[in-house]
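Visitor: Sharing a structure, written as structure tokens. Questions coming.
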Amino acid sequence: MQTLLETLRDVAPILFLLAFFKLFVLRGSVVNPMRILRGFAYVVAGMVLFLMGLEEAIFPLGELMARQLTDPLFLGVGDGEAEWHHFGWVYAFGFLVGLATTLAEPALIAVGMKAERISGGAISAWGLRVAVSIGVAIGVAIGCYRIVTGTDLWLYIIAAYVIVIVQTFAAPRRIIPLAYDSGGVTTSTVTVPLLAALGLGLASSIPGRSPLVDGFGLIAFASVFPVMTVIAYAWCSEWLEHRRKASGGGE
Amino acid sequence: MLRPWMEMFRPLAEALRDLLPIVVVILFFQLLVLGQPIPNWPRMLYGLLLVLVGLALFVRGLEIGLFPLGESMAHGFVRKGSAPWLLLFAFLLGFATTVAEPALIAIAKKAAQVAAGEGLIEHTGEAMDAYALGLRLTVALSVGVAILLGVLRILFNWPLHWCIIAGYALVVVMTWFAPRSIIGIAYDSGGVTTSTITVPMVTALGVGLASSIRGRNPVMDGFGLIAFASLLPMIFVMLYGMWVLP
């Protein structure tokens, strides 16, 4: 019930905004107002159920996985003796979650098809999806490694930015907006809470880590790394194209 | 009476596709790697079902209500050709869609719990709600500004990569001054903002705008808005941290 009221409060500004502009600024008549109201009712009901489900399942699952994968019994070492290389399954879990969720992400499928169109087929939709998914997977795995070792987040992110900037200057111009955006579209509504729960769970179950300082950051990793892999993919496909033209020129 | 149910089927399938990979990976680890049954699994299953139905309803609602309205208005403003109104609309669109973003609501709440657990803010419901709301309003404000800047960029044809590099530089500088405890959530907020509601609405605005100005490539310019919307929240949240946290 409280969630319902909160959700209504959250959605109301959009409704007001649209109504205000539609009625006073654009002054057109609204097509099919009942349908739009029904849409808003769905949105509110959907958000209430979704947020309740997150509390019931997604958050507990992420924290549970983090706790079990860092359990000294599971790692086979004594209390407080685990070093970073004992946490291999944590990295594997991060990698697989990143890979699986991104490959299935609907927003990315749409972007991939657009990309195939603008590049005239040089970038395939499937190739882009694989490139982004690998980027997210590597990002989450490295992010888990960072939480395990407790190094500063900003070091990694700044290093990643430097790589991205260097890549930007060497990348084919038309891929750049696409590469930058591919970082943003990858993190879906379900993935974000799961990654947050995983990070916070890791930070609170590994001795010496604070959830506040170390727990966040996985989503940041998942947003930066795809930019690199997409540009790298563009290089590869351009190089392949080049070689095919060079060798198959006589066909 | 059957049509509404048929209409629900596709979003339900899409929500399932979002959820299934996570479930498969977790099951794989639970059963094969950890070799343990999932504790309390009926409750988890119930929760996943709620997520599934909730997400499907949410997406369907957006499709029949918000998106057509938002898109027709974005086109209306572009046709109207009045720059101040267009900029105001761009800002409010970014702000309003981000305030209602479910992933952001969930993350802000988590961040407030963690901050309270570490004693940075008072451990009362009120203080936590205020912190979470402040965080969300900050992110929403930053996305509003980002969309505004993005529209200006399309109007004046600034090169995207210089804007982004300048933004990165600003993030680095801000990191120096921001309290350590806000940096993680600040960096994360860049990825959180751009999901279910914001992306389609903002893309509609960008593509509509770019295709009505001569000499602009709709795909190239439509894309750039999202990049702004994932950069500015980092900077704004760090400012928020400097303001509220010790």
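Residue numbers start at 1 in each chain; chains themselves are named A, B, ... in the order of the structure tokens; ligands are numbered from 1 in the order shown.
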For Val48 (chain A), list every protein, DNA or RNA residue within 8 Å, evaluated using only C-alpha atoms, and leave out those in the same chain fewer than 4 positions away; present the list as JSON, numbers by chain.
Guide: {"A": [3, 4, 7, 44, 52], "B": [54]}
Visitor: Quick one: everything within 9 Å of Gln113 (chain B), counting only C-alpha atoms, minus sequence neighbours fewer than 6 positions away in the same chain. Send it as JSON, numbers by chain.
Guide: {"B": [123, 128, 132]}
Visitor: Keeping only N, CA and C atoms, write those residues as an mmCIF file, in the first residue's frame.
Guide:
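Below you can see selection-v4.cif, which holds the result:
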```cif
data_model
loop_
_atom_site.group_PDB
_atom_site.id
_atom_site.type_symbol
_atom_site.label_atom_id
_atom_site.label_comp_id
_atom_site.auth_asym_id
_atom_site.auth_seq_id
_atom_site.Cartn_x
_atom_site.Cartn_y
_atom_site.Cartn_z
ATOM 1 N N HIS B 123 19.960 7.006 11.343
ATOM 2 C CA HIS B 123 19.304 5.746 11.025
ATOM 3 C C HIS B 123 17.810 5.809 11.343
ATOM 4 N N MET B 128 16.519 8.564 6.009
ATOM 5 C CA MET B 128 16.856 7.731 4.869
ATOM 6 C C MET B 128 16.009 8.107 3.656
ATOM 7 N N ALA B 132 17.453 9.401 0.115
ATOM 8 C CA ALA B 132 17.145 8.712 -1.144
ATOM 9 C C ALA B 132 16.462 9.666 -2.128
#
```
Visitor: Could you list, as a list in words, every residue within 12 Å of Ala41 (chain A), counting only C-alpha atoms and ignoring same-chain residues fewer than 4 positions away?
Guide: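 That gives Leu4, Thr7, Leu8, Val11, Ala12, Leu15, Met34, Arg35, Ile36, Leu37, Ala45, Gly46, Met47 and Val48 of chain A; Gly54, Leu57, Phe58, Val59, Arg60, Gly61, Leu62, Ile64, Gly65 and Leu66 of chain B.
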Visitor: Env of region 165-177 of chain A: 12 Å cut, atoms = only C-alpha atoms, seq-sep filter 4 positions within chain, self excluded. Answer as a VMD selection string.
Guide: (chain A and resid 111 to 112 114 to 120 122 to 123 128 158 to 161 181 to 184 224 227 to 239) or (chain B and resid 159 to 169 217 to 228)
Visitor: Kindly provide the residues of chain A that approach chain B to within 6 Å, each paired with its closest atom pair and their distance in Å to one decimal, based on only C-alpha atoms, listed by chain and increasing number, as a Markdown table.
Guide:
```
| residue | atom | partner | partner_atom | distance |
| --- | --- | --- | --- | --- |
| A:Asp10 | CA | B:Ala100 | CA | 5.1 |
| A:Val11 | CA | B:Ala100 | CA | 5.5 |
| A:Pro13 | CA | B:Ala96 | CA | 5.9 |
| A:Ile14 | CA | B:Ala96 | CA | 5.1 |
| A:Ile36 | CA | B:Gly65 | CA | 4.0 |
| A:Gly39 | CA | B:Gly61 | CA | 3.9 |
| A:Phe40 | CA | B:Gly61 | CA | 5.9 |
| A:Tyr42 | CA | B:Gly61 | CA | 4.6 |
| A:Val43 | CA | B:Phe58 | CA | 4.2 |
| A:Gly46 | CA | B:Gly54 | CA | 3.8 |
| A:Met47 | CA | B:Gly54 | CA | 5.9 |
| A:Leu49 | CA | B:Gly54 | CA | 4.6 |
| A:Phe50 | CA | B:Val51 | CA | 4.3 |
| A:Gly53 | CA | B:Gly47 | CA | 4.1 |
| A:Glu56 | CA | B:Gly47 | CA | 4.7 |
| A:Ala57 | CA | B:Met44 | CA | 4.6 |
| A:Ala100 | CA | B:Pro21 | CA | 5.3 |
| A:Thr101 | CA | B:Pro21 | CA | 5.6 |
| A:Pro177 | CA | B:Gly224 | CA | 5.6 |
| A:Tyr180 | CA | B:Ala227 | CA | 5.8 |
| A:Asp181 | CA | B:Ala227 | CA | 5.2 |
| A:Gly184 | CA | B:Gly191 | CA | 5.6 |
| A:Ser188 | CA | B:Ser195 | CA | 5.7 |
| A:Thr189 | CA | B:Ala103 | CA | 5.3 |
| A:Leu212 | CA | B:Ser181 | CA | 5.8 |
| A:Val213 | CA | B:Ser181 | CA | 5.0 |
| A:Phe216 | CA | B:Gly184 | CA | 4.6 |
| A:Gly217 | CA | B:Gly184 | CA | 4.9 |
| A:Ile219 | CA | B:Asp188 | CA | 5.1 |
| A:Ala220 | CA | B:Asp188 | CA | 4.6 |
| A:Ser223 | CA | B:Gly191 | CA | 5.8 |
```
